[in-house]
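Data first, discussion second: the structure below is written as structure tokens.
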Number of protein chains: 2
Amino acid sequence: MRIAELSRRSGVPVATIKYYLREGLLPAGELTSPNQARYSDEHLHRLRLVRAMVELGGLSIAAVREVLGALDDPEKSLHKAMGTISAAVAPPDLGSDDEVAHEQVRAFLERQGWVCRPTSYAYKALVGVLATAREVGHEGFADLLDGYADAARPLAEADLRYVLGAGSKDEALEGVVVGTVLGDAAMAAVRALARRELSGARKAEETPSEPCSDP
Amino acid sequence: MRIAELSRRSGVPVATIKYYLREGLLPAGELTSPNQARYSDEHLHRLRLVRAMVELGGLSIAAVREVLGALDDPEKSLHKAMGTISAAVAPPDLGSDDEVAHEQVRAFLERQGWVCRPTSYAYKALVGVLATAREVGHEGFADLLDGYADAARPLAEADLRYVLGAGSKDEALEGVVVGTVLGDAAMAAVRALARRELSGARKAEETPSEPCSDP
DNA sequence: CTAGGATGGATAGCAGTACTTTCTACTATC
DNA sequence: GATAGTAGAAAGTACTGCTATCCATCCTAG
């Protein structure tokens with residue numbers, strides 16, 4: 001297909017597709033003449049993946065490039081690709097030096113029986129969260145972490161099962177991307193629903209009225 | 001205290017504080033003379049909260065303003081404030097018209113016994129996620145939702161307990177903000193850790209070597 | 001009491017991001 | 001051979017989140 005069809009089928013403007021090509025988020029089309037290229041369904045698929053990351057995941061172009069790099073690297077193990085992707089999805093490292101927060105994370109990891117270097121992205125992200133919590137006067141926030149871990153464990157298992165159910169390694173890697181980007185968004189939405197339901201129920205106990213009602 | 005001290009204590013440049021004042025993220029200081037103002041610990045606290053939302057939560061200035069609006073509105077119930085905050089934290093509405101995705105969400109809500117209008121933010125967010133999943137060829141992603149719900153339920157309960165443990169209503173509302181913004185970040189980090197641990201364990205089974213090792 | 005630095009308030013500027021527009025020299029198609 | 005579409009490059013744009021500069025005070029150390 002030509003670029004116009006790629007645009008029509010994906011809903012992405014031609015100019016934007018050209019921009020993504022320039023930025024290396026999409027491989028160049030197969031040139032049939034010096035200024036004529038053909039694009040495949042592969043391109044369409046990749047384009048939709050890029051849009052999902054940008055629109056739903058809120059990733060920057062640079063972050064998308066990194067994720068795609070991990071996805072395309074045939075050397076990279078699933079394990080390592082997951083790390084790259086998690087790091088790209090999350091806010092940039094704030095680099096906290098809060099000793100108490102460090103200690104809280106260390107203790108948390110030990111309680112969970114998890115092993116993790118303090119240099120890994122996820123460790124630093126957690127420290128950043130706890131340091132921030134302390135700054136805004138919520139030292140007790142750390143107590144919620146074990147609950148988060150209990151919730152995260154079965155989720156991670158389901159994610160991994162989902163990913164390993166894929167046929168090829170490429171599919172599995174893409175599953176990781178989808179599971180991370182869409183998964184975070186889905187988790188946030190479902191958490192919001194659950195909170196809503198709960199606080200709605202509480203509210204109904206106090207003032208019996210309609211069940212659930214915000215915009 | 002004066003603006004320089006506010007800056008020093010928060011680590012935020014004076015120019016940026018002035019910007020936040022202009023944007024209405026911080027209330028004006030108490031004027032002691034036509035061009036001299038005093039700021040309180042309240043200001044410092046609010047400033048740190050703003051930074052947490054901007055840096056950790058990645059919220060835009062406009063979103064922060066909305067959240068603070070909900071926080072300061074004495075009319076607003078906890079329940080409604082939670083909706084406003086969830087909406088501000090998440091990516092903007094994509095407005096999908098994917099009928100299958102709608103149906104998947106409806107079925108999911110029914111399975112969970114949750115009641116929710118299709119106009120509510122969380123409902124639309126979920127539809128957006130599932131529509132995107134389908135676009136990138138992951139129709140089966142919807143099957144993971146129930147697992148997400150099972151994980152979200154106890155989390156929501158813990159969050160609510162945490163919030164209701166607060167003294168005043170203001171503190172509770174702030175707890176909602178912290179719980180949502182920091183909670184989402186923490187959940188993403190903990191999920192990453194859990195996945196890491198799991199896939200690391202799988203890897204170790206196949207190739208027995210060092211336990212856990214990405215940057 | 002005065003000099004020098006800080007302050008509030010206003011306006012303008014600036015760097016980064018994610019596109020869009022415009023251009024030119026082709027090519028494909030009717 | 002007119003018309004529309006295309007690749008590729010370069011410049012332009014809209015927006016966001018700050019920064020920098022100014023100026024008329026103000027406060028404070030000497």
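A note on labels: chains of the structure tokens are A, B, ... as shown, every chain counts residues from 1, and ligands are counted from 1 in their shown order.
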
* To do: Name the residues in contact with Thr84 of chain A at a cut-off of 8 Å, using only C-alpha atoms (C1' of nucleotides), excluding same-chain residues fewer than 3 positions from it; report them as a PyMOL selection string.
  => chain A and resi 66-67+70+80-81+87-88

* Residues near DT28 of chain D, cut-off 12 Å, only C-alpha atoms (C1' of nucleotides), skip fewer than 6 positions along chain, as a list in words -> DC1, DT2, DA3, DG4, DG5 and DA6 of chain C

Atoms kept (C-alpha atoms (C1' of nucleotides)) for selection, written as a JSON list (two decimals), in the first residue's frame:
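Result written to result_25.json:
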```json
[["chain", "number", "residue", "atom", "x", "y", "z"],
["C", 1, "DC", "C1'", 19.75, 57.67, 57.15],
["C", 2, "DT", "C1'", 21.35, 55.69, 53.37],
["C", 3, "DA", "C1'", 23.23, 52.01, 50.32],
["C", 4, "DG", "C1'", 22.55, 47.58, 48.69],
["C", 5, "DG", "C1'", 20.17, 43.59, 48.25],
["C", 6, "DA", "C1'", 15.47, 41.38, 48.32]]
```

Quick one: superpose chain A onto chain B using all C-alpha atoms paired in order, least squares, and give it to me as a tab-separated table (two decimals) with C-alpha atoms, in the first residue's frame.
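Heads up, here's the output in superposed06.tsv:
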```tsv
chain	number	residue	atom	x	y	z
A	1	MET	CA	8.56	33.35	55.60
A	2	ARG	CA	9.43	35.21	52.43
A	3	ILE	CA	9.60	33.84	48.95
A	4	ALA	CA	13.33	33.13	49.09
A	5	GLU	CA	12.90	30.87	52.09
A	6	LEU	CA	9.94	29.14	50.50
A	7	SER	CA	12.19	28.51	47.53
A	8	ARG	CA	15.09	27.27	49.64
A	9	ARG	CA	12.95	24.95	51.73
A	10	SER	CA	11.14	23.43	48.77
A	11	GLY	CA	13.97	23.40	46.29
A	12	VAL	CA	11.78	25.17	43.75
A	13	PRO	CA	13.24	28.28	42.04
A	14	VAL	CA	11.70	31.61	42.98
A	15	ALA	CA	10.71	32.28	39.39
A	16	THR	CA	8.81	29.01	39.28
A	17	ILE	CA	7.00	29.81	42.50
A	18	LYS	CA	5.94	33.11	41.01
A	19	TYR	CA	4.75	31.23	37.96
A	20	TYR	CA	2.66	28.91	40.12
A	21	LEU	CA	1.21	31.91	41.94
A	22	ARG	CA	0.25	33.42	38.60
A	23	GLU	CA	-1.30	30.16	37.48
A	24	GLY	CA	-3.31	29.91	40.66
A	25	LEU	CA	-1.66	26.73	41.93
A	26	LEU	CA	-0.60	28.55	45.06
A	27	PRO	CA	-2.71	31.10	46.91
A	28	ALA	CA	-1.18	34.56	47.12
A	29	GLY	CA	0.88	35.28	50.21
A	30	GLU	CA	-0.40	37.60	52.88
A	31	LEU	CA	0.53	41.11	51.80
A	32	THR	CA	2.26	43.09	54.54
A	33	SER	CA	2.86	46.04	52.24
A	34	PRO	CA	2.00	46.72	48.60
A	35	ASN	CA	4.97	44.76	47.40
A	36	GLN	CA	5.83	42.48	50.24
A	37	ALA	CA	4.16	39.21	51.15
A	38	ARG	CA	4.49	36.55	53.80
A	39	TYR	CA	4.07	32.83	53.14
A	40	SER	CA	3.12	30.17	55.64
A	41	ASP	CA	3.91	26.51	56.15
A	42	GLU	CA	0.62	25.91	54.41
A	43	HIS	CA	2.14	27.40	51.27
A	44	LEU	CA	5.19	25.21	51.60
A	45	HIS	CA	3.03	22.13	51.95
A	46	ARG	CA	0.88	23.03	48.98
A	47	LEU	CA	3.98	23.73	46.91
A	48	ARG	CA	5.39	20.30	47.67
A	49	LEU	CA	2.08	18.73	46.74
A	50	VAL	CA	2.13	20.57	43.42
A	51	ARG	CA	5.66	19.38	42.70
A	52	ALA	CA	4.71	15.81	43.53
A	53	MET	CA	1.87	15.95	41.05
A	54	VAL	CA	3.97	17.58	38.34
A	55	GLU	CA	7.15	15.55	38.71
A	56	LEU	CA	5.95	12.17	39.88
A	57	GLY	CA	2.45	12.16	38.53
A	58	GLY	CA	3.40	13.89	35.31
A	59	LEU	CA	0.31	16.07	35.52
A	60	SER	CA	0.05	19.20	33.45
A	61	ILE	CA	-0.33	22.55	35.16
A	62	ALA	CA	-3.96	22.63	34.06
A	63	ALA	CA	-4.61	19.18	35.55
A	64	VAL	CA	-2.98	20.21	38.82
A	65	ARG	CA	-5.21	23.26	38.94
A	66	GLU	CA	-8.25	21.06	38.53
A	67	VAL	CA	-7.18	18.67	41.25
A	68	LEU	CA	-6.50	21.53	43.63
A	69	GLY	CA	-9.86	22.98	42.76
A	70	ALA	CA	-11.53	19.74	43.82
A	71	LEU	CA	-9.39	19.69	46.92
A	72	ASP	CA	-10.33	23.20	47.95
A	73	ASP	CA	-14.02	22.97	47.19
A	74	PRO	CA	-15.79	22.61	50.54
A	75	GLU	CA	-18.99	21.52	48.79
A	76	LYS	CA	-17.45	18.53	47.13
A	77	SER	CA	-17.86	15.11	48.66
A	78	LEU	CA	-14.96	12.71	48.97
A	79	HIS	CA	-16.67	10.55	46.40
A	80	LYS	CA	-16.84	13.29	43.80
A	81	ALA	CA	-13.37	14.56	44.49
A	82	MET	CA	-12.06	11.08	43.79
A	83	GLY	CA	-13.67	11.14	40.36
A	84	THR	CA	-12.18	14.51	39.51
A	85	ILE	CA	-8.76	13.41	40.61
A	86	SER	CA	-8.81	10.13	38.71
A	87	ALA	CA	-9.82	11.97	35.57
A	88	ALA	CA	-7.05	14.54	35.96
A	89	VAL	CA	-4.38	11.94	36.54
A	90	ALA	CA	-5.22	9.85	33.49
A	91	PRO	CA	-4.56	10.56	29.82
A	92	PRO	CA	-7.21	12.70	28.12
A	93	ASP	CA	-10.29	10.96	26.83
A	94	LEU	CA	-9.76	9.38	23.43
A	95	GLY	CA	-13.46	8.97	22.80
A	96	SER	CA	-13.64	5.58	21.13
A	97	ASP	CA	-16.72	4.34	19.31
A	98	ASP	CA	-15.59	0.72	19.27
A	99	GLU	CA	-18.79	-1.21	19.92
A	100	VAL	CA	-17.04	-4.43	20.84
A	101	ALA	CA	-14.91	-2.65	23.41
A	102	HIS	CA	-18.04	-1.09	24.88
A	103	GLU	CA	-19.61	-4.50	25.13
A	104	GLN	CA	-16.50	-5.95	26.75
A	105	VAL	CA	-16.57	-3.26	29.42
A	106	ARG	CA	-20.29	-3.72	30.01
A	107	ALA	CA	-19.81	-7.46	30.45
A	108	PHE	CA	-16.84	-6.91	32.73
A	109	LEU	CA	-18.77	-4.53	34.97
A	110	GLU	CA	-21.62	-6.95	35.19
A	111	ARG	CA	-19.34	-9.85	36.12
A	112	GLN	CA	-17.84	-7.69	38.86
A	113	GLY	CA	-21.23	-6.53	40.03
A	114	TRP	CA	-20.19	-2.94	39.56
A	115	VAL	CA	-22.60	-0.24	38.56
A	116	CYS	CA	-21.29	2.58	36.46
A	117	ARG	CA	-22.65	4.97	33.88
A	118	PRO	CA	-21.11	4.88	30.42
A	119	THR	CA	-20.53	8.61	30.76
A	120	SER	CA	-18.23	8.31	33.74
A	121	TYR	CA	-14.56	8.90	33.21
A	122	ALA	CA	-13.41	5.45	34.33
A	123	TYR	CA	-15.81	3.71	31.99
A	124	LYS	CA	-14.62	5.69	29.02
A	125	ALA	CA	-11.00	5.16	29.96
A	126	LEU	CA	-11.51	1.40	30.02
A	127	VAL	CA	-13.28	1.46	26.67
A	128	GLY	CA	-10.35	3.43	25.28
A	129	VAL	CA	-7.88	0.86	26.55
A	130	LEU	CA	-9.80	-2.10	25.15
A	131	ALA	CA	-10.40	-0.38	21.82
A	132	THR	CA	-6.69	0.30	21.54
A	133	ALA	CA	-5.88	-3.26	22.49
A	134	ARG	CA	-8.11	-4.48	19.71
A	135	GLU	CA	-6.54	-2.10	17.23
A	136	VAL	CA	-3.11	-3.51	17.88
A	137	GLY	CA	-4.44	-7.03	17.56
A	138	HIS	CA	-4.76	-7.98	21.20
A	139	GLU	CA	-8.43	-8.70	21.50
A	140	GLY	CA	-7.68	-11.15	24.27
A	141	PHE	CA	-6.46	-8.37	26.51
A	142	ALA	CA	-9.99	-7.99	27.85
A	143	ASP	CA	-9.65	-11.39	29.51
A	144	LEU	CA	-7.11	-9.94	31.90
A	145	LEU	CA	-9.55	-7.40	33.29
A	146	ASP	CA	-11.07	-9.68	35.92
A	147	GLY	CA	-7.63	-10.31	37.31
A	148	TYR	CA	-7.09	-6.58	37.47
A	149	ALA	CA	-10.37	-6.16	39.31
A	150	ASP	CA	-9.47	-8.83	41.86
A	151	ALA	CA	-6.22	-7.02	42.47
A	152	ALA	CA	-7.81	-3.58	42.58
A	153	ARG	CA	-10.50	-4.42	45.12
A	154	PRO	CA	-8.30	-4.93	48.18
A	155	LEU	CA	-6.15	-2.03	47.07
A	156	ALA	CA	-9.14	0.25	46.96
A	157	GLU	CA	-10.14	-0.92	50.41
A	158	ALA	CA	-6.70	-0.20	51.78
A	159	ASP	CA	-6.66	3.19	50.10
A	160	LEU	CA	-10.03	4.07	51.54
A	161	ARG	CA	-9.02	2.94	55.01
A	162	TYR	CA	-5.90	5.05	54.70
A	163	VAL	CA	-7.92	8.06	53.63
A	164	LEU	CA	-10.61	7.67	56.26
A	165	GLY	CA	-7.97	7.36	58.94
A	166	ALA	CA	-7.23	11.03	58.42
A	167	GLY	CA	-8.43	13.57	60.94
A	168	SER	CA	-10.09	16.35	58.99
A	169	LYS	CA	-11.86	16.27	55.67
A	170	ASP	CA	-9.06	18.33	54.13
A	171	GLU	CA	-6.57	15.72	55.16
A	172	ALA	CA	-8.76	12.99	53.76
A	173	LEU	CA	-9.03	14.76	50.42
A	174	GLU	CA	-5.31	15.21	50.31
A	175	GLY	CA	-5.01	11.54	51.09
A	176	VAL	CA	-7.03	10.83	47.99
A	177	VAL	CA	-4.67	12.91	45.88
A	178	VAL	CA	-1.60	11.29	47.35
A	179	GLY	CA	-3.16	7.85	47.15
A	180	THR	CA	-4.03	8.32	43.52
A	181	VAL	CA	-0.93	10.04	42.22
A	182	LEU	CA	1.64	8.22	44.32
A	183	GLY	CA	-0.46	5.09	44.27
A	184	ASP	CA	-0.43	4.80	40.50
A	185	ALA	CA	3.29	5.40	40.40
A	186	ALA	CA	3.89	2.91	43.21
A	187	MET	CA	1.68	0.31	41.57
A	188	ALA	CA	3.56	0.63	38.29
A	189	ALA	CA	6.88	0.25	40.07
A	190	VAL	CA	5.74	-2.71	42.17
A	191	ARG	CA	4.25	-4.40	39.13
A	192	ALA	CA	7.55	-3.95	37.34
A	193	LEU	CA	9.33	-5.48	40.34
A	194	ALA	CA	6.96	-8.42	40.46
A	195	ARG	CA	7.29	-9.10	36.74
A	196	ARG	CA	11.02	-8.82	37.05
A	197	GLU	CA	11.14	-11.23	39.90
A	198	LEU	CA	8.95	-13.72	38.07
A	199	SER	CA	10.68	-13.58	34.74
A	200	GLY	CA	14.02	-13.62	36.53
A	201	ALA	CA	12.95	-16.80	38.29
A	202	ARG	CA	11.89	-18.35	35.01
A	203	LYS	CA	15.15	-17.38	33.43
A	204	ALA	CA	17.12	-18.85	36.31
A	205	GLU	CA	15.34	-22.18	35.83
A	206	GLU	CA	16.48	-22.32	32.23
A	207	THR	CA	19.98	-20.91	32.63
A	208	PRO	CA	21.16	-21.04	36.25
A	209	SER	CA	23.23	-17.91	36.81
A	210	GLU	CA	23.03	-14.71	38.84
A	211	PRO	CA	19.58	-13.94	40.23
A	212	CYS	CA	18.50	-10.57	38.94
A	213	SER	CA	20.39	-8.09	36.83
A	214	ASP	CA	19.22	-5.22	34.78
A	215	PRO	CA	20.38	-1.62	34.98
```

* Those in segment 61-188 of chain A with alpha helix (DSSP H) from DSSP, as number ranges by chain -> A: 61-72, 78-89, 99-112, 121-135, 145-164, 169-188

* To do: Check every residue of chain D for an atom within 9 Å of chain A, counting only C-alpha atoms (C1' of nucleotides), and provide those that qualify as JSON, numbers by chain.
  => {"D": [5, 6, 7, 8]}

Selection file, N, CA and C atoms (P, O5', C5', C4', C3', O3' and C1' of nucleotides), as a PDB file, in the first residue's frame:
```pdb
ATOM      1  P    DG D   5      -4.860  12.840  -4.935  1.00  0.00           P
ATOM      2  O5'  DG D   5      -3.495  12.028  -4.828  1.00  0.00           O
ATOM      3  C5'  DG D   5      -3.378  10.760  -5.475  1.00  0.00           C
ATOM      4  C4'  DG D   5      -1.950  10.286  -5.349  1.00  0.00           C
ATOM      5  C3'  DG D   5      -1.393  10.408  -3.920  1.00  0.00           C
ATOM      6  O3'  DG D   5      -0.770   9.164  -3.600  1.00  0.00           O
ATOM      7  C1'  DG D   5       0.058  11.459  -5.470  1.00  0.00           C
ATOM      8  P    DT D   6       0.003   8.960  -2.245  1.00  0.00           P
ATOM      9  O5'  DT D   6       1.482   9.288  -2.659  1.00  0.00           O
ATOM     10  C5'  DT D   6       2.192   8.400  -3.520  1.00  0.00           C
ATOM     11  C4'  DT D   6       3.662   8.755  -3.452  1.00  0.00           C
ATOM     12  C3'  DT D   6       4.165   8.942  -2.024  1.00  0.00           C
ATOM     13  O3'  DT D   6       5.158   7.968  -1.765  1.00  0.00           O
ATOM     14  C1'  DT D   6       4.857  10.739  -3.439  1.00  0.00           C
ATOM     15  P    DA D   7       5.761   7.812  -0.356  1.00  0.00           P
ATOM     16  O5'  DA D   7       7.175   8.481  -0.593  1.00  0.00           O
ATOM     17  C5'  DA D   7       8.108   7.852  -1.460  1.00  0.00           C
ATOM     18  C4'  DA D   7       9.374   8.685  -1.526  1.00  0.00           C
ATOM     19  C3'  DA D   7      10.051   8.891  -0.176  1.00  0.00           C
ATOM     20  O3'  DA D   7      11.440   8.659  -0.342  1.00  0.00           O
ATOM     21  C1'  DA D   7       9.543  11.002  -1.183  1.00  0.00           C
ATOM     22  P    DG D   8      12.359   8.407   0.903  1.00  0.00           P
ATOM     23  O5'  DG D   8      12.957   9.868   1.106  1.00  0.00           O
ATOM     24  C5'  DG D   8      13.540  10.542   0.002  1.00  0.00           C
ATOM     25  C4'  DG D   8      13.728  12.003   0.339  1.00  0.00           C
ATOM     26  C3'  DG D   8      14.156  12.266   1.789  1.00  0.00           C
ATOM     27  O3'  DG D   8      15.362  13.007   1.749  1.00  0.00           O
ATOM     28  C1'  DG D   8      12.436  13.733   1.127  1.00  0.00           C
TER      29       DG D   8
END
```

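Distance criterion 8 Å to chain A, applied with only C-alpha atoms (C1' of nucleotides), yields DC19, DT20, DC26 and DT27 of chain C on chain C.
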
Where does chain C meet segment 15-26 of chain D within 8 Å, residue by residue, with the nearest atom pair and distance in Å to one decimal for each, counting only C-alpha atoms (C1' of nucleotides), listed by chain and rising number, as CSV?
```
residue,atom,partner,partner_atom,distance
C:DT7,C1',D:DC26,C1',7.4
C:DG13,C1',D:DA20,C1',7.2
C:DC14,C1',D:DT19,C1',7.4
```

* What residues in segment 7-152 of chain A get the DSSP label strand (DSSP E or B)? Please answer as a PyMOL selection string. -> chain A and resi 30-33+36-38

* Asked: Quick one, how far is atom C1' of DT21 of chain C from atom C1' of DG12 of chain D?
  ->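 Going from atom C1' of DT21 of chain C over to atom C1' of DG12 of chain D, I get 6.9 Å.
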